[in-house]
file run25.csv (CSV, N, CA and C atoms)
chain,number,residue,atom,x,y,z
A,783,ALA,N,-8.0,-7.2,25.5
A,783,ALA,CA,-9.1,-7.3,26.5
A,783,ALA,C,-8.8,-8.4,27.5
A,784,TYR,N,-7.6,-8.9,27.6
A,784,TYR,CA,-7.3,-10.0,28.5
A,784,TYR,C,-6.9,-9.4,29.9
A,785,THR,N,-7.4,-10.0,30.9
A,785,THR,CA,-7.0,-9.5,32.3
A,785,THR,C,-5.9,-10.4,32.9
A,786,ILE,N,-5.6,-11.5,32.2
A,786,ILE,CA,-4.6,-12.4,32.7
A,786,ILE,C,-3.7,-12.8,31.5
A,787,ASP,N,-2.4,-12.9,31.8
A,787,ASP,CA,-1.5,-13.2,30.8
A,787,ASP,C,-0.8,-14.5,31.2
A,788,GLU,N,-1.5,-15.7,31.0
A,788,GLU,CA,-0.9,-16.9,31.4
A,788,GLU,C,-0.8,-17.9,30.2
A,789,THR,N,0.4,-18.4,30.0
A,789,THR,CA,0.6,-19.4,29.0
A,789,THR,C,1.7,-20.3,29.6
A,790,LEU,N,1.5,-21.6,29.5
A,790,LEU,CA,2.6,-22.5,30.0
A,790,LEU,C,2.6,-23.7,29.1
A,791,SER,N,3.7,-24.4,29.1
A,791,SER,CA,3.8,-25.6,28.3
A,791,SER,C,4.7,-26.6,29.1
A,792,LEU,N,4.4,-27.8,28.9
A,792,LEU,CA,5.2,-28.9,29.5
A,792,LEU,C,5.6,-29.9,28.5
A,793,SER,N,6.8,-30.4,28.5
A,793,SER,CA,7.2,-31.4,27.6
A,793,SER,C,7.4,-32.7,28.3
A,794,PHE,N,7.0,-33.8,27.7
A,794,PHE,CA,7.1,-35.1,28.4
A,794,PHE,C,8.0,-36.0,27.5
A,795,ALA,N,8.9,-36.8,28.1
A,795,ALA,CA,9.6,-37.8,27.5
A,795,ALA,C,9.4,-39.1,28.2
A,796,PHE,N,8.7,-40.1,27.6
A,796,PHE,CA,8.4,-41.3,28.2
A,796,PHE,C,9.5,-42.4,28.1
A,797,ALA,N,9.5,-43.3,29.0
A,797,ALA,CA,10.6,-44.4,29.0
A,797,ALA,C,10.6,-45.1,27.6
A,798,ASN,N,9.5,-45.3,26.9
A,798,ASN,CA,9.5,-46.0,25.7
A,798,ASN,C,9.9,-45.2,24.5
A,799,GLY,N,10.3,-43.9,24.7
A,799,GLY,CA,10.7,-43.0,23.6
A,799,GLY,C,9.7,-42.1,23.1
A,800,VAL,N,8.4,-42.3,23.5
A,800,VAL,CA,7.4,-41.4,23.0
A,800,VAL,C,7.6,-40.0,23.7
A,801,VAL,N,7.3,-38.9,22.9
A,801,VAL,CA,7.4,-37.6,23.5
A,801,VAL,C,6.0,-37.0,23.4
A,802,GLY,N,5.7,-36.0,24.3
A,802,GLY,CA,4.5,-35.4,24.3
A,802,GLY,C,4.6,-34.0,24.9
A,803,ALA,N,3.6,-33.2,24.7
A,803,ALA,CA,3.6,-31.8,25.2
A,803,ALA,C,2.2,-31.4,25.7
A,804,HIS,N,2.1,-30.6,26.7
A,804,HIS,CA,0.9,-30.0,27.2
A,804,HIS,C,1.0,-28.5,27.1
A,805,ILE,N,0.1,-27.9,26.4
A,805,ILE,CA,0.1,-26.4,26.2
A,805,ILE,C,-1.2,-25.8,26.8
A,806,HIS,N,-1.0,-24.9,27.6
A,806,HIS,CA,-2.2,-24.2,28.2
A,806,HIS,C,-2.1,-22.7,28.1
A,807,SER,N,-3.1,-22.1,27.7
A,807,SER,CA,-3.1,-20.7,27.5
A,807,SER,C,-4.4,-20.0,27.7
A,808,TRP,N,-4.4,-18.9,28.4
A,808,TRP,CA,-5.7,-18.1,28.5
A,808,TRP,C,-5.7,-17.0,27.5
A,809,VAL,N,-4.8,-16.9,26.6
A,809,VAL,CA,-4.7,-15.8,25.6
A,809,VAL,C,-5.0,-16.2,24.2
A,810,GLY,N,-5.7,-17.3,24.0
A,810,GLY,CA,-6.1,-17.7,22.7
A,810,GLY,C,-7.3,-17.0,22.1
A,811,ASP,N,-7.5,-17.1,20.8
A,811,ASP,CA,-8.6,-16.4,20.2
A,811,ASP,C,-10.0,-17.0,20.4
A,812,ALA,N,-10.0,-18.3,20.9
A,812,ALA,CA,-11.2,-19.0,21.1
A,812,ALA,C,-10.9,-20.2,22.1
A,813,TRP,N,-12.0,-20.7,22.7
A,813,TRP,CA,-11.8,-21.8,23.7
A,813,TRP,C,-11.7,-23.1,23.0
A,814,ARG,N,-10.6,-23.8,23.3
A,814,ARG,CA,-10.4,-25.1,22.7
A,814,ARG,C,-10.0,-26.1,23.9
A,815,ASN,N,-10.3,-27.3,23.7
A,815,ASN,CA,-9.8,-28.4,24.7
A,815,ASN,C,-9.7,-29.6,23.8
A,816,GLU,N,-8.5,-29.9,23.4
A,816,GLU,CA,-8.3,-31.0,22.5
A,816,GLU,C,-7.0,-31.8,22.8
A,817,ILE,N,-7.0,-33.0,22.4
A,817,ILE,CA,-5.8,-33.8,22.5
A,817,ILE,C,-5.4,-34.2,21.1
A,818,VAL,N,-4.2,-34.0,20.7
A,818,VAL,CA,-3.7,-34.3,19.4
A,818,VAL,C,-2.6,-35.3,19.5
A,819,LEU,N,-2.7,-36.4,18.8
A,819,LEU,CA,-1.7,-37.5,18.7
A,819,LEU,C,-1.2,-37.5,17.3
A,820,SER,N,0.1,-37.4,17.1
A,820,SER,CA,0.6,-37.3,15.8
A,820,SER,C,1.7,-38.5,15.6
A,821,GLY,N,1.5,-39.2,14.6
A,821,GLY,CA,2.5,-40.3,14.3
A,821,GLY,C,2.9,-40.3,12.9
A,822,GLU,N,3.7,-41.3,12.5
A,822,GLU,CA,4.1,-41.3,11.1
A,822,GLU,C,3.0,-41.6,10.1
A,823,LYS,N,2.0,-42.3,10.5
A,823,LYS,CA,0.9,-42.7,9.5
A,823,LYS,C,-0.4,-41.9,9.7
A,824,ARG,N,-0.7,-41.4,10.9
A,824,ARG,CA,-1.9,-40.8,11.2
A,824,ARG,C,-1.8,-39.6,12.2
A,825,LEU,N,-2.8,-38.7,12.1
A,825,LEU,CA,-2.9,-37.7,13.1
A,825,LEU,C,-4.3,-37.8,13.7
A,826,TYR,N,-4.4,-37.9,15.0
A,826,TYR,CA,-5.7,-38.0,15.7
A,826,TYR,C,-5.9,-36.7,16.4
A,827,ARG,N,-7.1,-36.1,16.3
A,827,ARG,CA,-7.4,-34.9,17.0
A,827,ARG,C,-8.8,-35.1,17.7
A,828,LEU,N,-8.7,-35.2,19.0
A,828,LEU,CA,-9.9,-35.4,19.9
A,828,LEU,C,-10.3,-34.1,20.5
A,829,ASN,N,-11.4,-33.6,20.0
A,829,ASN,CA,-12.0,-32.3,20.5
A,829,ASN,C,-12.9,-32.7,21.7
A,830,LEU,N,-12.5,-32.5,22.9
A,830,LEU,CA,-13.2,-32.9,24.1
A,830,LEU,C,-14.5,-32.1,24.3
A,831,GLY,N,-14.4,-30.8,24.0
A,831,GLY,CA,-15.6,-30.0,24.1
A,831,GLY,C,-16.8,-30.4,23.2
A,832,ALA,N,-16.4,-30.8,22.0
A,832,ALA,CA,-17.5,-31.1,21.0
A,832,ALA,C,-17.8,-32.6,20.9
A,833,GLY,N,-16.9,-33.5,21.6
A,833,GLY,CA,-17.1,-34.9,21.5
A,833,GLY,C,-16.8,-35.4,20.1
A,834,LEU,N,-15.8,-34.9,19.5
A,834,LEU,CA,-15.5,-35.2,18.1
A,834,LEU,C,-14.1,-35.7,18.0
A,835,LEU,N,-13.9,-36.8,17.2
A,835,LEU,CA,-12.6,-37.4,16.9
A,835,LEU,C,-12.4,-37.3,15.4
A,836,THR,N,-11.3,-36.7,15.0
A,836,THR,CA,-10.9,-36.6,13.6
A,836,THR,C,-9.6,-37.4,13.4
A,837,ILE,N,-9.6,-38.2,12.4
A,837,ILE,CA,-8.4,-39.0,12.1
A,837,ILE,C,-8.0,-38.7,10.7
A,838,ASP,N,-6.8,-38.2,10.5
A,838,ASP,CA,-6.3,-37.8,9.2
A,838,ASP,C,-5.2,-38.8,8.9
A,839,GLU,N,-5.4,-39.6,7.9
A,839,GLU,CA,-4.4,-40.6,7.4
A,839,GLU,C,-4.0,-40.3,6.0
A,840,LYS,N,-2.9,-39.5,6.0
A,840,LYS,CA,-2.3,-39.1,4.7
A,840,LYS,C,-3.3,-38.4,3.8
A,841,GLY,N,-4.1,-37.5,4.4
A,841,GLY,CA,-5.0,-36.7,3.7
A,841,GLY,C,-6.4,-37.2,3.6
A,842,ALA,N,-6.6,-38.5,4.0
A,842,ALA,CA,-8.0,-39.1,4.0
A,842,ALA,C,-8.5,-38.8,5.5
A,843,VAL,N,-9.5,-37.9,5.6
A,843,VAL,CA,-10.0,-37.5,6.9
A,843,VAL,C,-11.3,-38.2,7.2
A,844,ARG,N,-11.4,-38.8,8.4
A,844,ARG,CA,-12.6,-39.4,8.9
A,844,ARG,C,-12.9,-38.7,10.2
A,845,THR,N,-14.2,-38.5,10.5
A,845,THR,CA,-14.6,-37.9,11.8
A,845,THR,C,-15.7,-38.8,12.4
A,846,PHE,N,-15.6,-38.8,13.8
A,846,PHE,CA,-16.6,-39.6,14.6
A,846,PHE,C,-17.1,-38.7,15.7
A,847,GLN,N,-18.4,-38.7,15.8
A,847,GLN,CA,-19.1,-37.9,16.9
A,847,GLN,C,-19.5,-38.8,18.0
A,848,GLN,N,-19.2,-38.4,19.2
A,848,GLN,CA,-19.6,-39.1,20.4
A,848,GLN,C,-21.1,-39.2,20.5
A,849,GLU,N,-21.7,-40.3,20.8
A,849,GLU,CA,-23.1,-40.5,20.9
A,849,GLU,C,-23.7,-39.6,22.0
A,850,HIS,N,-23.0,-39.4,23.1
A,850,HIS,CA,-23.6,-38.7,24.2
A,850,HIS,C,-23.4,-37.2,24.2
A,851,GLY,N,-23.0,-36.6,23.0
A,851,GLY,CA,-22.7,-35.2,22.9
A,851,GLY,C,-21.4,-34.8,23.5
A,852,ARG,N,-21.4,-33.6,24.1
A,852,ARG,CA,-20.2,-33.1,24.7
A,852,ARG,C,-19.7,-34.0,25.8
A,853,MET,N,-18.4,-34.2,25.9
A,853,MET,CA,-17.7,-35.0,26.9
A,853,MET,C,-18.1,-34.5,28.3
A,854,TYR,N,-18.1,-33.2,28.5
A,854,TYR,CA,-18.3,-32.7,29.9
A,854,TYR,C,-19.7,-33.0,30.3
A,855,GLU,N,-20.7,-32.9,29.4
A,855,GLU,CA,-22.1,-33.2,29.8
A,855,GLU,C,-22.2,-34.7,30.2
A,856,PHE,N,-21.6,-35.6,29.4
A,856,PHE,CA,-21.6,-37.0,29.7
A,856,PHE,C,-20.9,-37.3,31.1
A,857,GLU,N,-19.7,-36.7,31.2
A,857,GLU,CA,-18.9,-36.9,32.5
A,857,GLU,C,-19.7,-36.4,33.7
A,858,ASN,N,-20.3,-35.2,33.6
A,858,ASN,CA,-21.1,-34.7,34.8
A,858,ASN,C,-22.3,-35.5,35.1
A,859,ALA,N,-23.0,-36.0,34.0
A,859,ALA,CA,-24.2,-36.8,34.3
A,859,ALA,C,-23.8,-38.1,34.9
A,860,ALA,N,-22.7,-38.7,34.5
A,860,ALA,CA,-22.2,-40.0,35.1
A,860,ALA,C,-21.9,-39.8,36.6
A,861,PHE,N,-21.2,-38.7,36.9
A,861,PHE,CA,-20.8,-38.4,38.3
A,861,PHE,C,-22.0,-38.1,39.1
A,862,ILE,N,-23.0,-37.4,38.7
A,862,ILE,CA,-24.2,-37.1,39.5
A,862,ILE,C,-25.0,-38.4,39.7
A,863,LYS,N,-25.0,-39.3,38.7
A,863,LYS,CA,-25.7,-40.6,38.9
A,863,LYS,C,-25.0,-41.4,40.0
A,864,GLN,N,-23.7,-41.4,40.0
A,864,GLN,CA,-22.9,-42.1,41.0
A,864,GLN,C,-23.2,-41.6,42.4
A,865,VAL,N,-23.2,-40.2,42.5
A,865,VAL,CA,-23.4,-39.6,43.8
A,865,VAL,C,-24.8,-39.9,44.3
A,866,ALA,N,-25.8,-39.8,43.4
A,866,ALA,CA,-27.2,-40.0,43.8
A,866,ALA,C,-27.4,-41.4,44.2
A,867,SER,N,-26.8,-42.4,43.6
A,867,SER,CA,-27.1,-43.8,43.8
A,867,SER,C,-26.1,-44.3,44.9
A,868,GLY,N,-25.0,-43.7,45.1
A,868,GLY,CA,-24.0,-44.2,46.1
A,868,GLY,C,-23.2,-45.4,45.5
A,869,ASN,N,-23.5,-45.7,44.3
A,869,ASN,CA,-22.8,-46.8,43.6
A,869,ASN,C,-21.6,-46.3,42.8
A,870,TRP,N,-20.4,-46.6,43.3
A,870,TRP,CA,-19.2,-46.1,42.6
A,870,TRP,C,-18.6,-47.2,41.7
A,871,MET,N,-19.3,-48.3,41.6
A,871,MET,CA,-18.7,-49.4,40.9
A,871,MET,C,-18.5,-49.1,39.4
A,872,THR,N,-19.2,-48.2,38.8
A,872,THR,CA,-19.0,-47.9,37.4
A,872,THR,C,-18.0,-46.8,37.1
A,873,ASN,N,-17.4,-46.3,38.2
A,873,ASN,CA,-16.4,-45.2,38.1
A,873,ASN,C,-15.2,-45.7,37.3
A,874,PRO,N,-14.9,-45.1,36.1
A,874,PRO,CA,-13.8,-45.6,35.3
A,874,PRO,C,-12.4,-45.3,36.0
A,875,CYS,N,-12.4,-44.5,37.0
A,875,CYS,CA,-11.1,-44.1,37.6
A,875,CYS,C,-11.1,-44.6,39.0
A,876,ASP,N,-10.3,-45.7,39.3
A,876,ASP,CA,-10.2,-46.2,40.6
A,876,ASP,C,-9.3,-45.3,41.5
A,877,TYR,N,-9.1,-45.7,42.7
A,877,TYR,CA,-8.3,-44.9,43.6
A,877,TYR,C,-6.9,-44.8,43.2
A,878,ALA,N,-6.3,-46.0,42.7
A,878,ALA,CA,-4.9,-46.0,42.2
A,878,ALA,C,-4.7,-45.0,41.0
A,879,ASP,N,-5.7,-45.0,40.1
A,879,ASP,CA,-5.6,-44.1,38.9
A,879,ASP,C,-5.6,-42.6,39.4
A,880,GLY,N,-6.5,-42.4,40.3
A,880,GLY,CA,-6.7,-41.0,40.9
A,880,GLY,C,-5.4,-40.6,41.6
A,881,LEU,N,-4.8,-41.5,42.3
A,881,LEU,CA,-3.5,-41.2,43.0
A,881,LEU,C,-2.4,-40.9,42.0
A,882,GLU,N,-2.3,-41.7,40.9
A,882,GLU,CA,-1.3,-41.4,39.9
A,882,GLU,C,-1.5,-40.1,39.2
A,883,THR,N,-2.8,-39.8,38.9
A,883,THR,CA,-3.1,-38.5,38.3
A,883,THR,C,-2.7,-37.3,39.2
A,884,LEU,N,-2.9,-37.4,40.5
A,884,LEU,CA,-2.5,-36.4,41.5
A,884,LEU,C,-1.0,-36.3,41.5
A,885,ARG,N,-0.3,-37.5,41.5
A,885,ARG,CA,1.2,-37.5,41.5
A,885,ARG,C,1.7,-36.8,40.2
A,886,LEU,N,1.1,-37.0,39.1
A,886,LEU,CA,1.6,-36.4,37.8
A,886,LEU,C,1.3,-34.9,37.9
A,887,THR,N,0.1,-34.5,38.4
A,887,THR,CA,-0.2,-33.1,38.5
A,887,THR,C,0.8,-32.4,39.4
A,888,HIS,N,1.1,-33.0,40.6
A,888,HIS,CA,2.1,-32.3,41.5
A,888,HIS,C,3.5,-32.2,40.8
A,889,ALA,N,3.9,-33.2,40.0
A,889,ALA,CA,5.2,-33.2,39.3
A,889,ALA,C,5.1,-32.0,38.3
A,890,CYS,N,4.1,-31.9,37.5
A,890,CYS,CA,3.9,-30.9,36.5
A,890,CYS,C,4.0,-29.5,37.2
A,891,ASP,N,3.3,-29.3,38.3
A,891,ASP,CA,3.3,-28.0,39.0
A,891,ASP,C,4.7,-27.7,39.5
A,892,LYS,N,5.4,-28.7,40.0
A,892,LYS,CA,6.8,-28.5,40.5
A,892,LYS,C,7.7,-28.1,39.3
A,893,ALA,N,7.6,-28.8,38.2
A,893,ALA,CA,8.4,-28.4,37.0
A,893,ALA,C,8.1,-27.0,36.5
A,894,VAL,N,6.9,-26.6,36.5
A,894,VAL,CA,6.6,-25.2,36.1
A,894,VAL,C,7.1,-24.2,37.1
A,895,THR,N,6.9,-24.5,38.4
A,895,THR,CA,7.3,-23.5,39.4
A,895,THR,C,8.8,-23.4,39.6
A,896,THR,N,9.5,-24.5,39.4
A,896,THR,CA,11.0,-24.5,39.6
A,896,THR,C,11.7,-24.3,38.3
A,897,GLY,N,11.1,-24.6,37.1
A,897,GLY,CA,11.8,-24.6,35.9
A,897,GLY,C,12.7,-25.7,35.7
A,898,LYS,N,12.6,-26.8,36.5
A,898,LYS,CA,13.5,-27.9,36.4
A,898,LYS,C,12.8,-29.2,35.9
A,899,LYS,N,13.6,-30.0,35.3
A,899,LYS,CA,13.2,-31.3,34.9
A,899,LYS,C,12.8,-32.2,36.1
A,900,ILE,N,11.6,-32.9,36.0
A,900,ILE,CA,11.1,-33.8,37.0
A,900,ILE,C,11.0,-35.2,36.5
A,901,SER,N,11.5,-36.1,37.2
A,901,SER,CA,11.4,-37.5,36.7
A,901,SER,C,10.4,-38.3,37.6
A,902,LEU,N,9.6,-39.1,37.0
A,902,LEU,CA,8.7,-39.9,37.7
A,902,LEU,C,9.0,-41.4,37.5

call {"tool": "encode", "arguments": {"input": "run25.csv", "output": "structure tokens"}}
result
Amino acid sequence: AYTIDETLSLSFAFANGVVGAHIHSWVGDAWRNEIVLSGEKRLYRLNLGAGLLTIDEKGAVRTFQQEHGRMYEFENAAFIKQVASGNWMTNPCDYADGLETLRLTHACDKAVTTGKKISL
């Protein structure tokens, strides 16, 4: 029942030796938006849609729920408050961070469209 067949993945290798991956798909069985960090001692799973953090430390699992509910609701409310007040001082992303995010986004797009390694 899918009208689009889009799946992509990006691999990252950081200067300090850490590796990462971004996987994006429109063909999953359910909607998910999460960040998973895996190390030798712990696995962290941040479910952004539910505002839930799960930490698995060698089988001992702890969960934490965000006070403000879903991340997107909190993010949208904060943005609307800043627009309405005209006060951007509480914005957690300054211009330099926004510019770096755009730079990374452009590099990822170039890697996907060319199929070549991009260094930043």

call {"tool": "atom_distance", "arguments": {"input": "run25.csv", "atom1": "atom N of Gln864 (chain A)", "atom2": "atom N of Arg827 (chain A)"}}
result
29.4 Å

call {"tool": "atom_distance", "arguments": {"input": "run25.csv", "atom1": "CA of His888 (chain A)", "atom2": "atom C of Ala795 (chain A)"}}
result
16.6 Å

call {"tool": "residues_around", "arguments": {"input": "run25.csv", "residues": "Phe794 (chain A)", "least_positions_apart": "3", "cutoff": "7 Å", "atoms": "only C-alpha atoms", "output": "NGL selection string"}}
result
:A and (801-803)

call {"tool": "select_by_dssp", "arguments": {"input": "run25.csv", "residues": "chain A", "states": "helix (DSSP H, G or I)", "output": "PyMOL selection string"}}
result
chain A and resi 853-867+877-896

call {"tool": "residues_around", "arguments": {"input": "run25.csv", "residues": "Leu825 (chain A)", "least_positions_apart": "4", "cutoff": "8 Å", "atoms": "all atoms listed in the file", "output": "JSON, numbers by chain"}}
result
{"A": [818, 819, 820, 821, 836, 837, 838, 839, 840, 841]}

call {"tool": "select_by_dssp", "arguments": {"input": "run25.csv", "residues": "region 808-846 of chain A", "states": "strand (DSSP E or B)", "output": "list in words"}}
result
Glu816, Ile817, Val818, Leu819, Ser820, Leu825, Tyr826, Arg827, Leu828, Asn829, Leu834, Leu835, Thr836, Ile837, Asp838, Glu839, Ala842, Val843, Arg844, Thr845 and Phe846 of chain A
